[in-house]
file run.cif (mmCIF, C-alpha atoms and all ligand atoms)
data_data
#
loop_
_atom_site.label_atom_id
_atom_site.label_comp_id
_atom_site.auth_asym_id
_atom_site.auth_seq_id
_atom_site.Cartn_x
_atom_site.Cartn_y
_atom_site.Cartn_z
CA ASP J 667 64.69 -42.28 -21.68
CA SER J 668 61.63 -43.01 -23.83
CA ARG J 669 59.56 -39.98 -22.77
CA GLY J 670 60.34 -38.18 -25.98
CA SER J 671 58.56 -40.80 -28.03
CA ASP J 672 55.40 -40.46 -25.85
CA ALA J 673 54.89 -36.86 -26.92
CA PRO J 674 51.55 -36.61 -28.79
CA TYR J 675 53.07 -35.24 -31.99
CA MET J 676 55.23 -38.31 -32.24
CA GLN J 677 52.10 -40.43 -32.57
CA ILE J 678 51.15 -38.80 -35.86
CA ASP J 679 52.05 -40.89 -38.86
CA PRO J 680 54.26 -38.55 -40.93
CA ARG J 681 52.71 -39.91 -44.13
CA LEU J 682 49.23 -38.99 -42.94
CA LEU J 683 50.44 -35.56 -41.96
CA LEU J 684 52.06 -35.04 -45.35
CA SER J 685 48.93 -36.28 -47.14
CA SER J 686 46.65 -33.96 -45.24
CA ILE J 687 48.91 -30.97 -45.92
CA VAL J 688 49.11 -31.83 -49.61
CA HIS J 689 45.33 -32.30 -49.80
CA ASP J 690 44.78 -28.86 -48.28
CA PHE J 691 47.36 -27.39 -50.62
CA ASN J 692 45.52 -28.92 -53.57
CA ASN J 693 42.19 -27.59 -52.34
CA GLN J 694 43.62 -24.06 -52.29
CA LEU J 695 44.74 -24.41 -55.89
CA THR J 696 41.29 -25.19 -57.24
CA PRO J 697 39.77 -21.70 -56.63
CA ILE J 698 42.99 -20.10 -57.90
CA VAL J 699 42.67 -21.97 -61.19
CA ASN J 700 38.94 -21.17 -61.40
CA ILE J 701 39.53 -17.44 -60.88
CA LEU J 702 42.34 -17.41 -63.44
CA GLU J 703 40.17 -19.20 -65.99
CA GLU J 704 37.41 -16.68 -65.41
CA LEU J 705 39.88 -13.83 -66.03
CA GLN J 706 41.06 -15.62 -69.15
CA ARG J 707 37.49 -15.65 -70.51
CA ARG J 708 36.88 -11.94 -69.86
CA ARG J 709 36.87 -9.92 -73.02
CA ASP J 710 38.42 -6.74 -71.64
CA SER J 711 41.86 -8.26 -70.86
CA THR J 712 44.79 -7.04 -72.94
CA GLY J 713 47.12 -9.44 -74.75
CA ARG J 714 49.81 -8.81 -72.17
CA GLU J 715 47.46 -9.59 -69.31
CA LEU J 716 46.32 -12.77 -71.04
CA GLY J 717 49.94 -13.89 -71.40
CA LYS J 718 50.43 -13.45 -67.67
CA ILE J 719 47.21 -15.31 -66.89
CA ASP J 720 48.33 -18.23 -69.10
CA ALA J 721 51.65 -18.37 -67.28
CA ALA J 722 49.88 -18.38 -63.91
CA ILE J 723 47.55 -21.21 -65.03
CA TYR J 724 50.56 -23.25 -66.14
CA CYS J 725 52.27 -22.70 -62.76
CA ALA J 726 49.13 -23.82 -60.95
CA PHE J 727 49.03 -26.95 -63.15
CA ARG J 728 52.65 -27.73 -62.28
CA ALA J 729 51.89 -27.21 -58.59
CA LYS J 730 49.07 -29.74 -58.90
CA VAL J 731 51.44 -32.25 -60.53
CA LEU J 732 53.96 -31.75 -57.71
CA ALA J 733 51.23 -32.27 -55.11
CA ARG J 734 50.16 -35.46 -56.90
CA GLN J 735 53.77 -36.74 -56.91
CA LEU J 736 54.11 -36.08 -53.18
CA LEU J 737 50.86 -37.92 -52.46
CA ASP J 738 51.79 -40.91 -54.63
CA PHE J 739 55.19 -41.12 -53.02
CA ALA J 740 53.90 -40.80 -49.44
CA ASN J 741 51.01 -43.24 -49.97
CA PRO J 742 51.88 -45.86 -52.53
CA ARG J 743 48.80 -48.02 -52.72
CA PRO J 744 49.27 -51.76 -53.10
CA ALA J 745 49.33 -52.84 -56.72
CA MET J 746 46.36 -54.84 -57.98
CA PRO J 747 47.66 -56.49 -61.14
CA GLU J 748 45.27 -57.70 -63.82
CA PRO J 749 45.94 -58.89 -67.37
CA THR J 750 46.02 -55.70 -69.43
CA ASP J 751 46.10 -55.18 -73.18
CA MET J 752 48.88 -52.65 -73.83
CA HIS J 753 47.37 -51.63 -77.22
CA GLN J 754 44.21 -50.61 -75.43
CA LEU J 755 46.01 -48.86 -72.58
CA LEU J 756 47.97 -46.63 -74.96
CA ALA J 757 44.94 -45.96 -77.19
CA GLN J 758 43.02 -44.78 -74.12
CA LEU J 759 45.88 -42.54 -73.03
CA GLU J 760 46.70 -40.98 -76.39
CA PHE J 761 44.40 -38.01 -75.91
CA VAL J 762 45.75 -37.14 -72.44
CA LEU J 763 49.32 -37.57 -73.63
CA THR J 764 48.82 -35.28 -76.61
CA SER J 765 47.14 -32.66 -74.45
CA ILE J 766 50.02 -32.46 -71.93
CA LEU J 767 52.66 -32.12 -74.65
CA SER J 768 53.31 -28.81 -76.32
CA PRO J 769 52.48 -28.66 -80.04
CA ASN J 770 56.18 -28.64 -81.00
CA ILE J 771 56.65 -32.16 -79.59
CA ARG J 772 55.86 -34.95 -82.03
CA LEU J 773 54.45 -38.07 -80.37
CA THR J 774 54.81 -41.53 -81.96
CA LEU J 775 53.24 -44.67 -80.48
CA GLU J 776 54.63 -48.07 -81.49
CA VAL J 777 53.10 -51.22 -80.03
CA ALA J 778 54.45 -54.59 -81.23
CA ASP J 779 51.98 -57.12 -82.67
CA ARG J 780 50.90 -60.19 -80.75
CA LEU J 781 51.99 -59.05 -77.30
CA PRO J 782 50.75 -61.12 -74.39
CA PRO J 783 48.70 -59.07 -71.94
CA ALA J 784 50.79 -57.36 -69.26
CA MET J 785 50.13 -58.36 -65.64
CA ILE J 786 49.83 -54.83 -64.30
CA ASP J 787 47.77 -52.37 -62.32
CA GLN J 788 46.63 -50.10 -65.14
CA GLN J 789 46.08 -47.01 -62.99
CA LEU J 790 49.56 -47.23 -61.45
CA VAL J 791 51.26 -47.80 -64.81
CA GLU J 792 49.40 -44.80 -66.24
CA ARG J 793 50.75 -42.68 -63.39
CA ALA J 794 54.27 -43.94 -64.03
CA LEU J 795 53.98 -43.26 -67.75
CA LEU J 796 52.68 -39.71 -67.18
CA ASN J 797 55.63 -38.94 -64.88
CA VAL J 798 58.08 -40.15 -67.50
CA VAL J 799 56.34 -38.26 -70.31
CA LEU J 800 56.33 -35.02 -68.27
CA ASN J 801 60.09 -35.43 -67.77
CA ALA J 802 60.54 -35.92 -71.52
CA ARG J 803 58.59 -32.74 -72.17
CA ASP J 804 60.77 -30.84 -69.70
CA ALA J 805 63.84 -32.20 -71.53
CA MET J 806 62.63 -30.76 -74.87
CA PRO J 807 61.79 -27.12 -74.19
CA GLY J 808 62.34 -26.28 -77.85
CA GLY J 809 60.32 -29.25 -79.10
CA GLY J 810 61.42 -32.63 -80.39
CA ASP J 811 60.41 -36.25 -80.88
CA LEU J 812 58.85 -38.42 -78.23
CA THR J 813 58.38 -42.12 -78.89
CA ILE J 814 56.44 -44.47 -76.67
CA ALA J 815 57.09 -48.10 -77.67
CA VAL J 816 55.92 -51.43 -76.26
CA ASP J 817 57.53 -54.78 -77.10
CA LEU J 818 58.93 -57.96 -75.54
CA ALA J 819 62.61 -58.07 -74.60
CA PHE J 820 65.12 -59.28 -72.04
CA PRO J 821 65.82 -56.69 -69.35
CA PRO J 822 69.50 -55.81 -68.83
CA SER J 823 69.98 -58.01 -65.76
CA SER J 824 72.92 -55.96 -64.48
CA LYS J 825 70.60 -52.99 -64.04
CA THR J 826 67.34 -54.67 -63.04
CA GLY J 827 68.24 -58.16 -61.81
CA LEU J 828 65.28 -59.48 -63.80
CA PRO J 829 65.93 -62.85 -65.45
CA LYS J 830 62.89 -63.24 -67.72
CA ARG J 831 61.66 -61.81 -70.96
CA MET J 832 59.28 -59.01 -70.10
CA ILE J 833 57.09 -56.37 -71.61
CA ARG J 834 59.13 -53.23 -72.21
CA LEU J 835 57.29 -49.92 -72.04
CA SER J 836 59.82 -47.51 -73.39
CA VAL J 837 59.75 -43.71 -73.57
CA SER J 838 62.44 -42.03 -75.69
CA ASP J 839 63.08 -38.37 -76.26
CA ASN J 840 65.72 -36.49 -78.18
CA GLY J 841 66.00 -33.74 -75.61
CA VAL J 842 68.82 -32.45 -73.43
CA GLY J 843 69.88 -35.89 -72.10
CA MET J 844 71.69 -36.43 -68.81
CA GLU J 845 75.24 -35.80 -67.74
CA ASP J 846 76.98 -38.83 -66.18
CA ARG J 847 76.43 -37.58 -62.65
CA THR J 848 72.72 -37.03 -63.28
CA LEU J 849 72.36 -40.48 -64.84
CA LYS J 850 73.89 -42.05 -61.73
CA MET J 851 71.58 -40.15 -59.38
CA ALA J 852 68.32 -40.13 -61.38
CA GLY J 853 65.60 -42.07 -59.61
CA GLN J 854 66.94 -41.48 -56.11
CA PRO J 855 64.28 -39.74 -54.03
CA ASN J 856 64.75 -35.96 -53.93
CA PHE J 857 67.39 -35.84 -56.63
CA SER J 858 66.47 -33.16 -59.14
CA THR J 859 68.32 -30.80 -61.45
CA LYS J 860 65.21 -28.66 -61.97
CA ARG J 861 64.54 -25.36 -60.28
CA ASN J 862 61.07 -26.46 -59.20
CA GLY J 863 61.59 -30.24 -59.23
CA THR J 864 60.67 -32.59 -56.37
CA GLY J 865 62.95 -35.38 -57.52
CA LEU J 866 60.11 -37.78 -56.80
CA GLY J 867 59.00 -38.53 -60.36
CA LEU J 868 61.42 -41.33 -61.26
CA ALA J 869 61.52 -42.64 -57.68
CA THR J 870 57.74 -43.09 -57.86
CA VAL J 871 58.05 -44.76 -61.27
CA ARG J 872 60.61 -47.18 -59.85
CA GLN J 873 58.42 -47.87 -56.83
CA ILE J 874 55.44 -48.63 -59.10
CA VAL J 875 57.21 -50.95 -61.54
CA GLU J 876 59.00 -52.80 -58.73
CA SER J 877 55.71 -53.29 -56.86
CA LEU J 878 54.51 -55.11 -60.00
CA GLY J 879 57.57 -57.36 -60.08
CA GLY J 880 59.23 -55.35 -62.84
CA GLY J 881 62.05 -52.83 -62.99
CA LEU J 882 63.34 -49.59 -64.44
CA SER J 883 66.36 -48.92 -66.62
CA ILE J 884 67.59 -45.58 -67.87
CA THR J 885 69.88 -44.83 -70.78
CA SER J 886 70.83 -41.32 -71.69
CA LYS J 887 73.34 -39.37 -73.67
CA HIS J 888 74.05 -35.76 -72.79
CA ARG J 889 72.65 -33.41 -75.48
CA HIS J 890 71.21 -36.35 -77.45
CA GLY J 891 68.34 -37.75 -75.48
CA THR J 892 67.04 -40.23 -72.98
CA THR J 893 65.26 -43.56 -72.97
CA ILE J 894 63.39 -44.74 -69.91
CA ASP J 895 62.47 -48.45 -70.02
CA MET J 896 59.78 -49.70 -67.68
CA TRP J 897 59.93 -53.51 -67.51
CA LEU J 898 56.59 -55.10 -66.78
CA PRO J 899 55.62 -58.74 -66.25
CA ALA J 900 53.67 -60.48 -68.97
CA THR J 901 50.72 -62.71 -68.08
CA TRP J 902 52.85 -65.85 -68.33
CA ALA J 903 54.74 -64.70 -65.21
CA SER J 904 51.60 -65.26 -63.14
CA SER J 905 51.31 -68.87 -61.96
CA SER J 906 47.83 -68.31 -60.49
CA ASN J 907 46.42 -67.39 -63.87
CA GLY J 908 46.15 -70.88 -65.35
CA ALA J 909 43.71 -70.24 -68.20
CA GLY J 910 45.41 -67.18 -69.69
CA ALA J 911 48.97 -68.27 -68.96
CA ARG J 912 51.41 -68.98 -71.74
CA ARG J 913 54.82 -70.48 -71.53
CA GLU J 914 57.79 -68.46 -72.47
CA GLY J 915 58.85 -69.46 -75.98
CA GLU J 916 62.62 -69.41 -75.38
P1 LIG G 1001 62.04 -34.05 -61.19
O1 LIG G 1001 61.35 -34.15 -62.53
O2 LIG G 1001 61.16 -33.46 -60.13
O3 LIG G 1001 63.39 -33.39 -61.26
P2 LIG G 1001 62.51 -36.90 -61.46
O4 LIG G 1001 62.78 -37.94 -60.42
O5 LIG G 1001 61.35 -37.18 -62.34
O6 LIG G 1001 62.31 -35.55 -60.67
O7 LIG G 1001 63.81 -36.69 -62.33
C1 LIG G 1001 65.07 -36.54 -61.69
C2 LIG G 1001 66.07 -35.90 -62.61
O8 LIG G 1001 66.40 -36.81 -63.68
C3 LIG G 1001 65.57 -34.64 -63.31
O9 LIG G 1001 65.71 -33.51 -62.50
C4 LIG G 1001 66.46 -34.61 -64.55
O10 LIG G 1001 67.73 -34.08 -64.24
C5 LIG G 1001 66.65 -36.08 -64.86
N1 LIG G 1001 65.72 -36.54 -65.93
C6 LIG G 1001 64.62 -37.28 -65.78
N2 LIG G 1001 64.05 -37.53 -66.96
C7 LIG G 1001 64.83 -36.93 -67.90
C8 LIG G 1001 64.79 -36.84 -69.33
N3 LIG G 1001 63.82 -37.42 -70.05
N4 LIG G 1001 65.79 -36.17 -69.95
C9 LIG G 1001 66.77 -35.58 -69.25
N5 LIG G 1001 66.87 -35.63 -67.91
C10 LIG G 1001 65.91 -36.30 -67.24
#
call {"tool": "encode", "arguments": {"input": "run.cif", "output": "structure tokens", "more": "lines below"}}
Ligand code: ADP
result
Amino acid sequence: DSRGSDAPYMQIDPRLLLSSIVHDFNNQLTPIVNILEELQRRRDSTGRELGKIDAAIYCAFRAKVLARQLLDFANPRPAMPEPTDMHQLLAQLEFVLTSILSPNIRLTLEVADRLPPAMIDQQLVERALLNVVLNARDAMPGGGDLTIAVDLAFPPSSKTGLPKRMIRLSVSDNGVGMEDRTLKMAGQPNFSTKRNGTGLGLATVRQIVESLGGGLSITSKHRHGTTIDMWLPATWASSSNGAGARREGE
């Protein structure tokens, strides 16, 4: 009996439905943040009140990040890769990265010399990187070291199945690390160990890097820290790009 599938609600694309709910949700947050910021600026608030207002603003910010993750996951847009200079990408992002990290987290950027341009969709890779950096911040509530490094290396083929040398965008923290069980599950949609987590961060990162022909590998040691490697194609992987293409040197 196929009548069930003719019901009007079955015609609605669940992704569209989710997107419209999340959009509305986001629209409700904007006035909340505006009102809180107005209260924050008022001179007659006590220190205790200000502390509460700060906490509420932070919660609203987190809610916006969660909404963004849901939207990205429900509506992955097709990647539009272009040759991208990784030095430039990180230089452009440094300000945003510093502003989302608390002052007790020390950020180091290391980009290898003479990298070929990466064949990536800059906006999508920025999204992926922000997700990974937010996780690193969550893993270091008492502060710590965060290193973002870019170089060329061979991906571990057992984990990624990628045969070629690729650009490695690597984010390392010396935070809480993952227990074995968490390491096995991390990156599966909806898996989260956080009270308010969606478990969509790493799944979105994986979706993004795989849509570019790359991959994701995670190494972590409980109580020591975590490294998330995002493997991205270099320009030589693109056969259509004759002029800028270079042959692999090995
Ligand atoms: P969420 O952040 O919403 O939990 P993610 O998919 O981004 O979702 O992460 C899934 C889980 O992987 C987290 O809940 C956490 O347990 C673990 N994780 C991710 N990044 C790190 C990290 N840098 N250090 C320790 N654990 C991490």
call {"tool": "atom_distance", "arguments": {"input": "run.cif", "atom1": "atom CA of J:Ala740", "atom2": "atom O6 of ligand LIG 1001 (chain G)"}}
result
15.0 Å
call {"tool": "closest_residue", "arguments": {"input": "run.cif", "among": "J:Pro822, J:Gly881, J:Gly863, J:Gly841", "to": "J:Gly808", "atoms": "all atoms listed in the file"}}
result
J:Gly841
call {"tool": "residues_near_ligand", "arguments": {"input": "run.cif", "ligand": "ligand LIG 1001 (chain G)", "cutoff": "9 Å", "atoms": "only C-alpha atoms and all ligand atoms", "output": "PyMOL selection string"}}
result
chain J and resi 732+735+797-806+837-845+848-849+851-871+884+886-889+891-894
call {"tool": "residues_near_point", "arguments": {"input": "run.cif", "point": "(45.9, -37.3, -49.0)", "cutoff": "12 Å", "atoms": "all atoms listed in the file", "output": "ChimeraX atom specification"}}
result
/J:680-693,733-743
call {"tool": "residues_around", "arguments": {"input": "run.cif", "residues": "J:Asp787", "least_positions_apart": "4", "cutoff": "12 Å", "atoms": "only C-alpha atoms", "output": "JSON, numbers by chain"}}
result
{"J": [743, 744, 745, 746, 747, 748, 749, 750, 751, 752, 755, 783, 791, 792, 793, 794, 874, 875, 876, 877, 878, 879, 880, 898, 899]}
call {"tool": "axis_aligned_box", "arguments": {"input": "run.cif", "around": "stretch 688-707 of chain J", "padding_each_side": "6 Å", "output": "lines of an AutoDock Vina configuration file"}}
result
center_x = 43.3
center_y = -23.1
center_z = -59.4
size_x = 23.7
size_y = 30.5
size_z = 34.2
call {"tool": "atom_distance", "arguments": {"input": "run.cif", "atom1": "atom CA of J:Phe727", "atom2": "atom CA of J:Leu763"}}
result
14.9 Å
